[in-house]
Amino acid sequence: MAVTRVARERRHTVYFLNAVRDFAPVHLDTEVDMTAVRRHRLTARDAGRRYSPVAYVLHAAGRALAARPEANAAVRGRIWPRLARYDSVAGKLALDRTLGGRRVVLATVIPGLERAALDTIQGHIDRVRDGDPDTLPEFAGVRRLHRLPALVAPLAYHVATRRLTGRDRRTGTFSVSSLGHGPVDGFHSVGGTTVTLGVGRILDRPVVRGGAVAVAPVLRLNLTFDHRVIDGAEATDLLAAVKDGLEGFADDGAPDTATGTGAAARPTAGSTSRATAVEAPAARPDRT
């Protein structure tokens, strides 16, 4: 048996897990019919544009949280807990990257998701997914943390993350973590925010429509919430809203108010996947 120190490149994960010990997790899950999303992805792919399933989840969750400010919040403190509600929705996305030659989890925060277009969201994902973590500015703080002495770094992390003011910019107001690239149907995760969405793979599965069995692309969507901030009824309504946003996804070409570009989504009458034909029946998972 060999005993070694935790690799320097993974220390930020250890500090994060120590910091979320006060989290009071409750887990929910549902299944989402992704027919409308798959149709949009196939149409976009024919036009030379690729969208990740995670981009749609971030898009739908941003709208859902904007309509439910009770969940777009953070709490701090035990004896005299304080609650902060944020005016804008920022999503923290966990990424599987290689830093300093070691495979690690890194996170990026995508701001303004209550209005960001799908193109804007995907552009952010592409940039941090394809860029070099050793040089990307989003990960400069993590790199500085790794250079600090082992006895100083945990304190520095605590000071940087404990304040409610600005936490939305540092760690997001909700989190998304995806393992849909592998044989994972669903999982629950604590992302350090009041709400964390766990995204599994999309598989063609049997569904019932109008009393008949059909085949549709189905996503297992999991939601973990901090019971200190919201209750189960509020979390259930939020999960239902994200599900509706995905199942009723329609590209209406609305401009992104932040950038003037992109395709905002809205549910439209008759656009939900429950009322549409099944497409792309090949039984394979969609990749994130």
# chains A, B, ... in the order shown; residues from 1 in each chain; ligands from 1
>>> select_by_dssp(residues="range 2-201 of chain A", states="alpha helix (DSSP H)", output="ChimeraX atom specification")
/A:11-19,35-46,53-66,118-130,140-147,153-162,167-171
>>> select_by_dssp(residues="range 42-203 of chain A", states="strand (DSSP E or B)", output="compact mmCIF listing (two decimals) with all heavy atoms, in the first residue's frame")
# COMPACT_ATOMS: atom_id res chain seq x y z
N ALA A 73 -31.13 31.52 -4.93
CA ALA A 73 -30.69 32.12 -3.67
C ALA A 73 -29.57 31.30 -3.06
O ALA A 73 -29.24 30.20 -3.53
CB ALA A 73 -31.87 32.22 -2.70
N ALA A 74 -28.99 31.84 -1.98
CA ALA A 74 -27.93 31.14 -1.24
C ALA A 74 -28.06 31.49 0.24
O ALA A 74 -28.56 32.56 0.60
CB ALA A 74 -26.55 31.54 -1.76
N VAL A 75 -27.58 30.59 1.09
CA VAL A 75 -27.67 30.78 2.53
C VAL A 75 -26.29 30.62 3.15
O VAL A 75 -25.43 29.89 2.62
CB VAL A 75 -28.66 29.76 3.16
CG1 VAL A 75 -28.13 28.33 3.06
CG2 VAL A 75 -28.97 30.12 4.61
N ARG A 76 -26.07 31.32 4.25
CA ARG A 76 -24.81 31.17 5.00
C ARG A 76 -25.09 31.36 6.48
O ARG A 76 -25.92 32.18 6.87
CB ARG A 76 -23.77 32.20 4.54
CG ARG A 76 -22.42 32.05 5.23
CD ARG A 76 -21.38 33.00 4.67
NE ARG A 76 -21.63 34.39 5.05
CZ ARG A 76 -21.24 34.93 6.20
NH1 ARG A 76 -20.60 34.18 7.09
NH2 ARG A 76 -21.49 36.19 6.47
N ARG A 82 -28.23 33.69 7.14
CA ARG A 82 -28.61 34.80 6.28
C ARG A 82 -28.84 34.28 4.87
O ARG A 82 -28.14 33.38 4.40
CB ARG A 82 -27.53 35.88 6.28
CG ARG A 82 -27.40 36.61 7.61
CD ARG A 82 -26.46 37.79 7.47
NE ARG A 82 -25.10 37.35 7.16
CZ ARG A 82 -24.15 38.14 6.70
NH1 ARG A 82 -24.41 39.42 6.48
NH2 ARG A 82 -22.94 37.67 6.48
N LEU A 83 -29.84 34.87 4.21
CA LEU A 83 -30.25 34.42 2.88
C LEU A 83 -30.08 35.54 1.88
O LEU A 83 -30.44 36.69 2.15
CB LEU A 83 -31.71 33.96 2.92
CG LEU A 83 -32.28 33.32 1.66
CD1 LEU A 83 -31.67 31.95 1.43
CD2 LEU A 83 -33.80 33.21 1.78
N ALA A 84 -29.51 35.23 0.75
CA ALA A 84 -29.36 36.20 -0.34
C ALA A 84 -30.11 35.69 -1.56
O ALA A 84 -29.96 34.53 -1.95
CB ALA A 84 -27.88 36.41 -0.69
N ARG A 85 -30.94 36.55 -2.16
CA ARG A 85 -31.62 36.23 -3.40
C ARG A 85 -31.01 37.09 -4.51
O ARG A 85 -30.82 38.29 -4.33
CB ARG A 85 -33.12 36.48 -3.29
CG ARG A 85 -33.81 35.56 -2.29
CD ARG A 85 -35.33 35.69 -2.36
NE ARG A 85 -35.97 34.80 -1.38
CZ ARG A 85 -36.31 35.16 -0.15
NH1 ARG A 85 -36.07 36.41 0.25
NH2 ARG A 85 -36.86 34.31 0.67
N GLY A 91 -25.39 29.98 -14.08
CA GLY A 91 -25.26 28.54 -13.98
C GLY A 91 -23.80 28.10 -13.90
O GLY A 91 -22.98 28.51 -14.72
N LYS A 92 -23.49 27.29 -12.91
CA LYS A 92 -22.15 26.71 -12.79
C LYS A 92 -22.15 25.35 -13.46
O LYS A 92 -22.94 24.47 -13.12
CB LYS A 92 -21.73 26.57 -11.33
CG LYS A 92 -20.29 26.06 -11.16
CD LYS A 92 -19.89 25.94 -9.71
CE LYS A 92 -20.45 24.67 -9.09
NZ LYS A 92 -19.86 24.39 -7.76
N LEU A 93 -21.27 25.16 -14.42
CA LEU A 93 -21.18 23.91 -15.15
C LEU A 93 -19.88 23.20 -14.80
O LEU A 93 -18.79 23.77 -14.95
CB LEU A 93 -21.24 24.17 -16.66
CG LEU A 93 -21.06 22.95 -17.57
CD1 LEU A 93 -22.18 21.94 -17.34
CD2 LEU A 93 -20.99 23.39 -19.03
N ALA A 94 -19.99 21.98 -14.30
CA ALA A 94 -18.81 21.17 -13.98
C ALA A 94 -18.28 20.51 -15.25
O ALA A 94 -19.06 20.00 -16.07
CB ALA A 94 -19.16 20.12 -12.94
N LEU A 95 -16.97 20.52 -15.40
CA LEU A 95 -16.34 20.01 -16.61
C LEU A 95 -15.24 19.00 -16.27
O LEU A 95 -14.51 19.17 -15.29
CB LEU A 95 -15.71 21.16 -17.41
CG LEU A 95 -16.65 22.25 -17.90
CD1 LEU A 95 -15.85 23.48 -18.30
CD2 LEU A 95 -17.48 21.74 -19.06
N ASP A 96 -15.13 17.98 -17.07
CA ASP A 96 -14.06 17.00 -16.96
C ASP A 96 -12.90 17.47 -17.83
O ASP A 96 -12.98 17.41 -19.06
CB ASP A 96 -14.57 15.63 -17.42
CG ASP A 96 -13.48 14.57 -17.47
OD1 ASP A 96 -12.47 14.74 -16.76
OD2 ASP A 96 -13.65 13.58 -18.21
N ARG A 97 -11.83 17.98 -17.21
CA ARG A 97 -10.73 18.54 -17.95
C ARG A 97 -9.40 17.98 -17.43
O ARG A 97 -9.37 17.30 -16.40
CB ARG A 97 -10.70 20.08 -17.84
CG ARG A 97 -11.91 20.79 -18.40
CD ARG A 97 -12.25 20.44 -19.85
NE ARG A 97 -11.09 20.37 -20.71
CZ ARG A 97 -10.57 21.41 -21.35
NH1 ARG A 97 -11.11 22.62 -21.21
NH2 ARG A 97 -9.53 21.27 -22.13
N THR A 98 -8.35 18.29 -18.14
CA THR A 98 -7.00 17.89 -17.73
C THR A 98 -6.21 19.15 -17.40
O THR A 98 -6.04 20.03 -18.26
CB THR A 98 -6.30 17.09 -18.83
OG1 THR A 98 -7.04 15.91 -19.10
CG2 THR A 98 -4.89 16.70 -18.39
N LEU A 99 -5.75 19.23 -16.17
CA LEU A 99 -5.00 20.39 -15.69
C LEU A 99 -3.67 19.92 -15.14
O LEU A 99 -3.62 19.04 -14.28
CB LEU A 99 -5.79 21.12 -14.61
CG LEU A 99 -5.16 22.37 -14.00
CD1 LEU A 99 -5.03 23.47 -15.05
CD2 LEU A 99 -5.98 22.87 -12.81
N ARG A 102 -3.18 16.20 -15.22
CA ARG A 102 -4.01 15.33 -14.39
C ARG A 102 -5.50 15.60 -14.67
O ARG A 102 -5.91 16.73 -14.79
CB ARG A 102 -3.72 15.58 -12.91
CG ARG A 102 -4.45 14.61 -11.97
CD ARG A 102 -4.02 14.84 -10.54
NE ARG A 102 -2.62 14.53 -10.36
CZ ARG A 102 -2.16 13.30 -10.10
NH1 ARG A 102 -3.00 12.28 -9.99
NH2 ARG A 102 -0.87 13.11 -9.94
N ARG A 103 -6.27 14.52 -14.76
CA ARG A 103 -7.71 14.64 -15.00
C ARG A 103 -8.40 15.14 -13.74
O ARG A 103 -8.29 14.52 -12.67
CB ARG A 103 -8.27 13.28 -15.41
CG ARG A 103 -9.69 13.31 -15.93
CD ARG A 103 -10.10 11.94 -16.40
NE ARG A 103 -11.43 11.93 -17.00
CZ ARG A 103 -12.03 10.85 -17.49
NH1 ARG A 103 -11.40 9.67 -17.42
NH2 ARG A 103 -13.23 10.92 -18.03
N VAL A 104 -9.13 16.25 -13.86
CA VAL A 104 -9.76 16.88 -12.69
C VAL A 104 -11.13 17.42 -13.09
O VAL A 104 -11.50 17.44 -14.27
CB VAL A 104 -8.90 18.04 -12.14
CG1 VAL A 104 -7.54 17.54 -11.67
CG2 VAL A 104 -8.73 19.15 -13.18
N VAL A 105 -11.89 17.86 -12.09
CA VAL A 105 -13.15 18.55 -12.32
C VAL A 105 -12.90 20.05 -12.18
O VAL A 105 -12.39 20.51 -11.15
CB VAL A 105 -14.23 18.10 -11.32
CG1 VAL A 105 -15.50 18.92 -11.51
CG2 VAL A 105 -14.53 16.62 -11.48
N LEU A 106 -13.28 20.79 -13.19
CA LEU A 106 -13.22 22.25 -13.15
C LEU A 106 -14.62 22.78 -13.42
O LEU A 106 -15.46 22.09 -13.98
CB LEU A 106 -12.23 22.78 -14.19
CG LEU A 106 -10.76 22.40 -13.99
CD1 LEU A 106 -9.92 22.86 -15.19
CD2 LEU A 106 -10.22 23.01 -12.70
N ALA A 107 -14.86 24.01 -13.03
CA ALA A 107 -16.18 24.59 -13.19
C ALA A 107 -16.09 25.97 -13.81
O ALA A 107 -15.15 26.72 -13.55
CB ALA A 107 -16.90 24.67 -11.85
N THR A 108 -17.07 26.29 -14.64
CA THR A 108 -17.19 27.61 -15.23
C THR A 108 -18.59 28.14 -14.93
O THR A 108 -19.55 27.38 -14.82
CB THR A 108 -16.95 27.56 -16.75
OG1 THR A 108 -17.00 28.89 -17.29
CG2 THR A 108 -17.99 26.70 -17.45
N VAL A 109 -18.72 29.45 -14.78
CA VAL A 109 -20.00 30.08 -14.48
C VAL A 109 -20.48 30.84 -15.72
O VAL A 109 -19.75 31.67 -16.28
CB VAL A 109 -19.89 31.05 -13.28
CG1 VAL A 109 -21.21 31.78 -13.07
CG2 VAL A 109 -19.50 30.28 -12.03
N ILE A 110 -21.70 30.53 -16.14
CA ILE A 110 -22.32 31.18 -17.30
C ILE A 110 -23.37 32.17 -16.78
O ILE A 110 -24.38 31.75 -16.21
CB ILE A 110 -22.96 30.15 -18.23
CG1 ILE A 110 -21.94 29.07 -18.62
CG2 ILE A 110 -23.52 30.83 -19.49
CD1 ILE A 110 -22.53 27.92 -19.40
N PHE A 174 -27.05 28.27 -9.52
CA PHE A 174 -27.40 26.86 -9.59
C PHE A 174 -26.29 26.14 -10.34
O PHE A 174 -25.44 26.77 -10.97
CB PHE A 174 -28.76 26.64 -10.26
CG PHE A 174 -28.75 26.75 -11.77
CD1 PHE A 174 -28.75 25.61 -12.56
CD2 PHE A 174 -28.74 27.99 -12.39
CE1 PHE A 174 -28.73 25.71 -13.95
CE2 PHE A 174 -28.73 28.10 -13.77
CZ PHE A 174 -28.73 26.96 -14.55
N SER A 175 -26.29 24.82 -10.25
CA SER A 175 -25.21 24.04 -10.85
C SER A 175 -25.77 22.97 -11.76
O SER A 175 -26.88 22.46 -11.55
CB SER A 175 -24.36 23.37 -9.76
OG SER A 175 -23.82 24.31 -8.86
N VAL A 176 -24.98 22.61 -12.76
CA VAL A 176 -25.30 21.50 -13.65
C VAL A 176 -24.07 20.62 -13.77
O VAL A 176 -22.96 21.11 -13.98
CB VAL A 176 -25.73 21.99 -15.05
CG1 VAL A 176 -25.90 20.80 -16.00
CG2 VAL A 176 -27.01 22.79 -14.97
N SER A 177 -24.29 19.33 -13.59
CA SER A 177 -23.21 18.36 -13.76
C SER A 177 -23.72 17.24 -14.64
O SER A 177 -24.82 16.73 -14.43
CB SER A 177 -22.77 17.81 -12.40
OG SER A 177 -21.67 16.94 -12.53
N SER A 178 -22.96 16.87 -15.66
CA SER A 178 -23.40 15.87 -16.63
C SER A 178 -22.42 14.71 -16.71
O SER A 178 -21.21 14.91 -16.78
CB SER A 178 -23.56 16.50 -18.02
OG SER A 178 -23.83 15.50 -18.99
N VAL A 195 -29.57 24.70 -5.81
CA VAL A 195 -30.09 23.70 -6.73
C VAL A 195 -28.97 23.17 -7.60
O VAL A 195 -28.16 23.94 -8.13
CB VAL A 195 -31.20 24.30 -7.63
CG1 VAL A 195 -31.60 23.32 -8.73
CG2 VAL A 195 -32.41 24.69 -6.80
N THR A 196 -28.90 21.85 -7.73
CA THR A 196 -27.95 21.20 -8.63
C THR A 196 -28.72 20.22 -9.50
O THR A 196 -29.50 19.41 -9.00
CB THR A 196 -26.85 20.45 -7.87
OG1 THR A 196 -26.15 21.34 -7.02
CG2 THR A 196 -25.87 19.80 -8.85
N LEU A 197 -28.51 20.30 -10.80
CA LEU A 197 -29.13 19.39 -11.75
C LEU A 197 -28.11 18.36 -12.22
O LEU A 197 -27.02 18.72 -12.67
CB LEU A 197 -29.68 20.16 -12.95
CG LEU A 197 -30.84 21.13 -12.64
CD1 LEU A 197 -31.11 22.02 -13.84
CD2 LEU A 197 -32.09 20.36 -12.25
N GLY A 198 -28.46 17.09 -12.09
CA GLY A 198 -27.61 16.01 -12.58
C GLY A 198 -28.17 15.48 -13.88
O GLY A 198 -29.35 15.10 -13.96
N VAL A 199 -27.35 15.45 -14.92
CA VAL A 199 -27.79 15.09 -16.26
C VAL A 199 -27.15 13.77 -16.68
O VAL A 199 -25.92 13.66 -16.71
CB VAL A 199 -27.41 16.20 -17.27
CG1 VAL A 199 -27.88 15.83 -18.67
CG2 VAL A 199 -28.01 17.54 -16.83
N GLY A 200 -27.97 12.79 -16.96
CA GLY A 200 -27.48 11.50 -17.46
C GLY A 200 -27.54 11.44 -18.97
O GLY A 200 -27.73 12.44 -19.66
N ARG A 201 -27.44 10.23 -19.49
CA ARG A 201 -27.48 10.05 -20.93
C ARG A 201 -28.91 10.07 -21.45
O ARG A 201 -29.88 9.88 -20.70
CB ARG A 201 -26.81 8.73 -21.31
CG ARG A 201 -27.47 7.50 -20.73
CD ARG A 201 -26.73 6.24 -21.11
NE ARG A 201 -27.30 5.07 -20.44
CZ ARG A 201 -26.94 3.82 -20.71
NH1 ARG A 201 -26.01 3.59 -21.62
NH2 ARG A 201 -27.50 2.80 -20.07
N ILE A 202 -29.04 10.30 -22.74
CA ILE A 202 -30.33 10.26 -23.41
C ILE A 202 -30.40 8.97 -24.20
O ILE A 202 -29.55 8.69 -25.04
CB ILE A 202 -30.50 11.47 -24.35
CG1 ILE A 202 -30.37 12.78 -23.56
CG2 ILE A 202 -31.83 11.41 -25.08
CD1 ILE A 202 -30.31 14.02 -24.44
N LEU A 203 -31.42 8.17 -23.92
CA LEU A 203 -31.60 6.89 -24.60
C LEU A 203 -33.01 6.78 -25.14
O LEU A 203 -33.96 7.30 -24.54
CB LEU A 203 -31.34 5.72 -23.64
CG LEU A 203 -29.89 5.39 -23.28
CD1 LEU A 203 -29.86 4.22 -22.31
CD2 LEU A 203 -29.08 5.05 -24.53
>>> residues_around(residues="range 220-228 of chain A", least_positions_apart="6", cutoff="9 Å", atoms="only C-alpha atoms", output="mmCIF file with N, CA and C atoms, in the first residue's frame")
data_model
loop_
_atom_site.group_PDB
_atom_site.id
_atom_site.type_symbol
_atom_site.label_atom_id
_atom_site.label_comp_id
_atom_site.auth_asym_id
_atom_site.auth_seq_id
_atom_site.Cartn_x
_atom_site.Cartn_y
_atom_site.Cartn_z
ATOM 1 N N PHE A 23 -24.479 21.673 3.780
ATOM 2 C CA PHE A 23 -25.567 21.503 2.827
ATOM 3 C C PHE A 23 -26.547 20.446 3.336
ATOM 4 N N ALA A 24 -27.856 20.718 3.200
ATOM 5 C CA ALA A 24 -28.899 19.781 3.629
ATOM 6 C C ALA A 24 -29.598 19.232 2.390
ATOM 7 N N PRO A 25 -29.062 18.167 1.780
ATOM 8 C CA PRO A 25 -29.554 17.748 0.468
ATOM 9 C C PRO A 25 -30.834 16.922 0.511
ATOM 10 N N VAL A 26 -31.715 17.208 -0.415
ATOM 11 C CA VAL A 26 -32.880 16.379 -0.711
ATOM 12 C C VAL A 26 -32.871 16.148 -2.221
ATOM 13 N N HIS A 27 -33.208 14.928 -2.636
ATOM 14 C CA HIS A 27 -33.045 14.548 -4.039
ATOM 15 C C HIS A 27 -34.389 14.267 -4.697
ATOM 16 N N LEU A 28 -34.545 14.784 -5.903
ATOM 17 C CA LEU A 28 -35.717 14.528 -6.735
ATOM 18 C C LEU A 28 -35.243 14.053 -8.109
ATOM 19 N N ASP A 29 -36.099 13.354 -8.823
ATOM 20 C CA ASP A 29 -35.740 13.021 -10.200
ATOM 21 C C ASP A 29 -36.997 12.861 -11.037
ATOM 22 N N THR A 30 -36.831 13.001 -12.342
ATOM 23 C CA THR A 30 -37.923 12.841 -13.281
ATOM 24 C C THR A 30 -37.351 12.373 -14.607
ATOM 25 N N GLU A 31 -38.225 11.995 -15.517
ATOM 26 C CA GLU A 31 -37.819 11.642 -16.871
ATOM 27 C C GLU A 31 -38.343 12.698 -17.827
ATOM 28 N N VAL A 32 -37.506 13.071 -18.779
ATOM 29 C CA VAL A 32 -37.842 14.130 -19.725
ATOM 30 C C VAL A 32 -37.843 13.555 -21.134
ATOM 31 N N ALA A 71 -35.718 30.082 -5.184
ATOM 32 C CA ALA A 71 -34.701 29.054 -5.396
ATOM 33 C C ALA A 71 -33.402 29.624 -5.950
ATOM 34 N N VAL A 75 -27.576 30.589 1.093
ATOM 35 C CA VAL A 75 -27.668 30.779 2.532
ATOM 36 C C VAL A 75 -26.288 30.623 3.150
ATOM 37 N N ASP A 185 -27.343 6.622 -16.370
ATOM 38 C CA ASP A 185 -28.716 7.057 -16.605
ATOM 39 C C ASP A 185 -29.080 8.265 -15.750
ATOM 40 N N GLY A 186 -28.598 8.300 -14.514
ATOM 41 C CA GLY A 186 -28.907 9.419 -13.646
ATOM 42 C C GLY A 186 -28.037 9.388 -12.407
ATOM 43 N N PHE A 187 -27.852 10.524 -11.784
ATOM 44 C CA PHE A 187 -27.049 10.607 -10.570
ATOM 45 C C PHE A 187 -27.395 11.901 -9.847
ATOM 46 N N HIS A 188 -27.113 11.938 -8.561
ATOM 47 C CA HIS A 188 -27.354 13.129 -7.749
ATOM 48 C C HIS A 188 -26.020 13.705 -7.304
ATOM 49 N N SER A 189 -25.935 15.023 -7.337
ATOM 50 C CA SER A 189 -24.698 15.704 -6.994
ATOM 51 C C SER A 189 -25.011 16.958 -6.197
ATOM 52 N N VAL A 190 -24.087 17.373 -5.353
ATOM 53 C CA VAL A 190 -24.181 18.636 -4.627
ATOM 54 C C VAL A 190 -23.160 19.588 -5.234
ATOM 55 N N GLY A 191 -23.654 20.617 -5.900
ATOM 56 C CA GLY A 191 -22.762 21.531 -6.598
ATOM 57 C C GLY A 191 -22.392 22.771 -5.812
ATOM 58 N N THR A 193 -24.502 24.934 -4.659
ATOM 59 C CA THR A 193 -25.550 25.921 -4.860
ATOM 60 C C THR A 193 -26.865 25.345 -4.339
ATOM 61 N N THR A 194 -27.868 26.203 -4.197
ATOM 62 C CA THR A 194 -29.147 25.727 -3.657
ATOM 63 C C THR A 194 -29.735 24.613 -4.509
ATOM 64 N N VAL A 195 -29.569 24.705 -5.815
ATOM 65 C CA VAL A 195 -30.094 23.700 -6.734
ATOM 66 C C VAL A 195 -28.966 23.169 -7.603
ATOM 67 N N THR A 196 -28.895 21.850 -7.725
ATOM 68 C CA THR A 196 -27.953 21.202 -8.630
ATOM 69 C C THR A 196 -28.720 20.224 -9.504
ATOM 70 N N LEU A 197 -28.511 20.298 -10.803
ATOM 71 C CA LEU A 197 -29.134 19.390 -11.752
ATOM 72 C C LEU A 197 -28.109 18.359 -12.216
ATOM 73 N N GLY A 198 -28.455 17.092 -12.093
ATOM 74 C CA GLY A 198 -27.609 16.010 -12.577
ATOM 75 C C GLY A 198 -28.174 15.476 -13.880
ATOM 76 N N VAL A 199 -27.347 15.450 -14.916
ATOM 77 C CA VAL A 199 -27.789 15.090 -16.264
ATOM 78 C C VAL A 199 -27.147 13.775 -16.675
ATOM 79 N N GLY A 200 -27.967 12.787 -16.963
ATOM 80 C CA GLY A 200 -27.483 11.502 -17.455
ATOM 81 C C GLY A 200 -27.545 11.438 -18.970
ATOM 82 N N ARG A 201 -27.443 10.231 -19.486
ATOM 83 C CA ARG A 201 -27.476 10.053 -20.932
ATOM 84 C C ARG A 201 -28.914 10.071 -21.445
ATOM 85 N N ILE A 202 -29.038 10.305 -22.736
ATOM 86 C CA ILE A 202 -30.328 10.263 -23.412
ATOM 87 C C ILE A 202 -30.403 8.971 -24.200
ATOM 88 N N ALA A 235 -39.146 23.015 -4.862
ATOM 89 C CA ALA A 235 -38.198 22.280 -5.701
ATOM 90 C C ALA A 235 -38.924 21.449 -6.750
ATOM 91 N N THR A 236 -40.057 20.868 -6.382
ATOM 92 C CA THR A 236 -40.838 20.082 -7.329
ATOM 93 C C THR A 236 -41.361 20.957 -8.463
ATOM 94 N N LEU A 239 -38.415 21.700 -10.778
ATOM 95 C CA LEU A 239 -38.075 20.565 -11.637
ATOM 96 C C LEU A 239 -39.110 20.405 -12.748
ATOM 97 N N LYS A 243 -38.434 20.584 -16.796
ATOM 98 C CA LYS A 243 -38.936 19.503 -17.650
ATOM 99 C C LYS A 243 -39.823 20.066 -18.763
#
>>> atom_distance(atom1="CA of Leu113 in chain A", atom2="CA of His59 in chain A")
6.4 Å
>>> closest_residue(among="A:Val215, A:Val20, A:Val57, A:Ala90", to="Thr171 in chain A", atoms="only C-alpha atoms")
A:Ala90
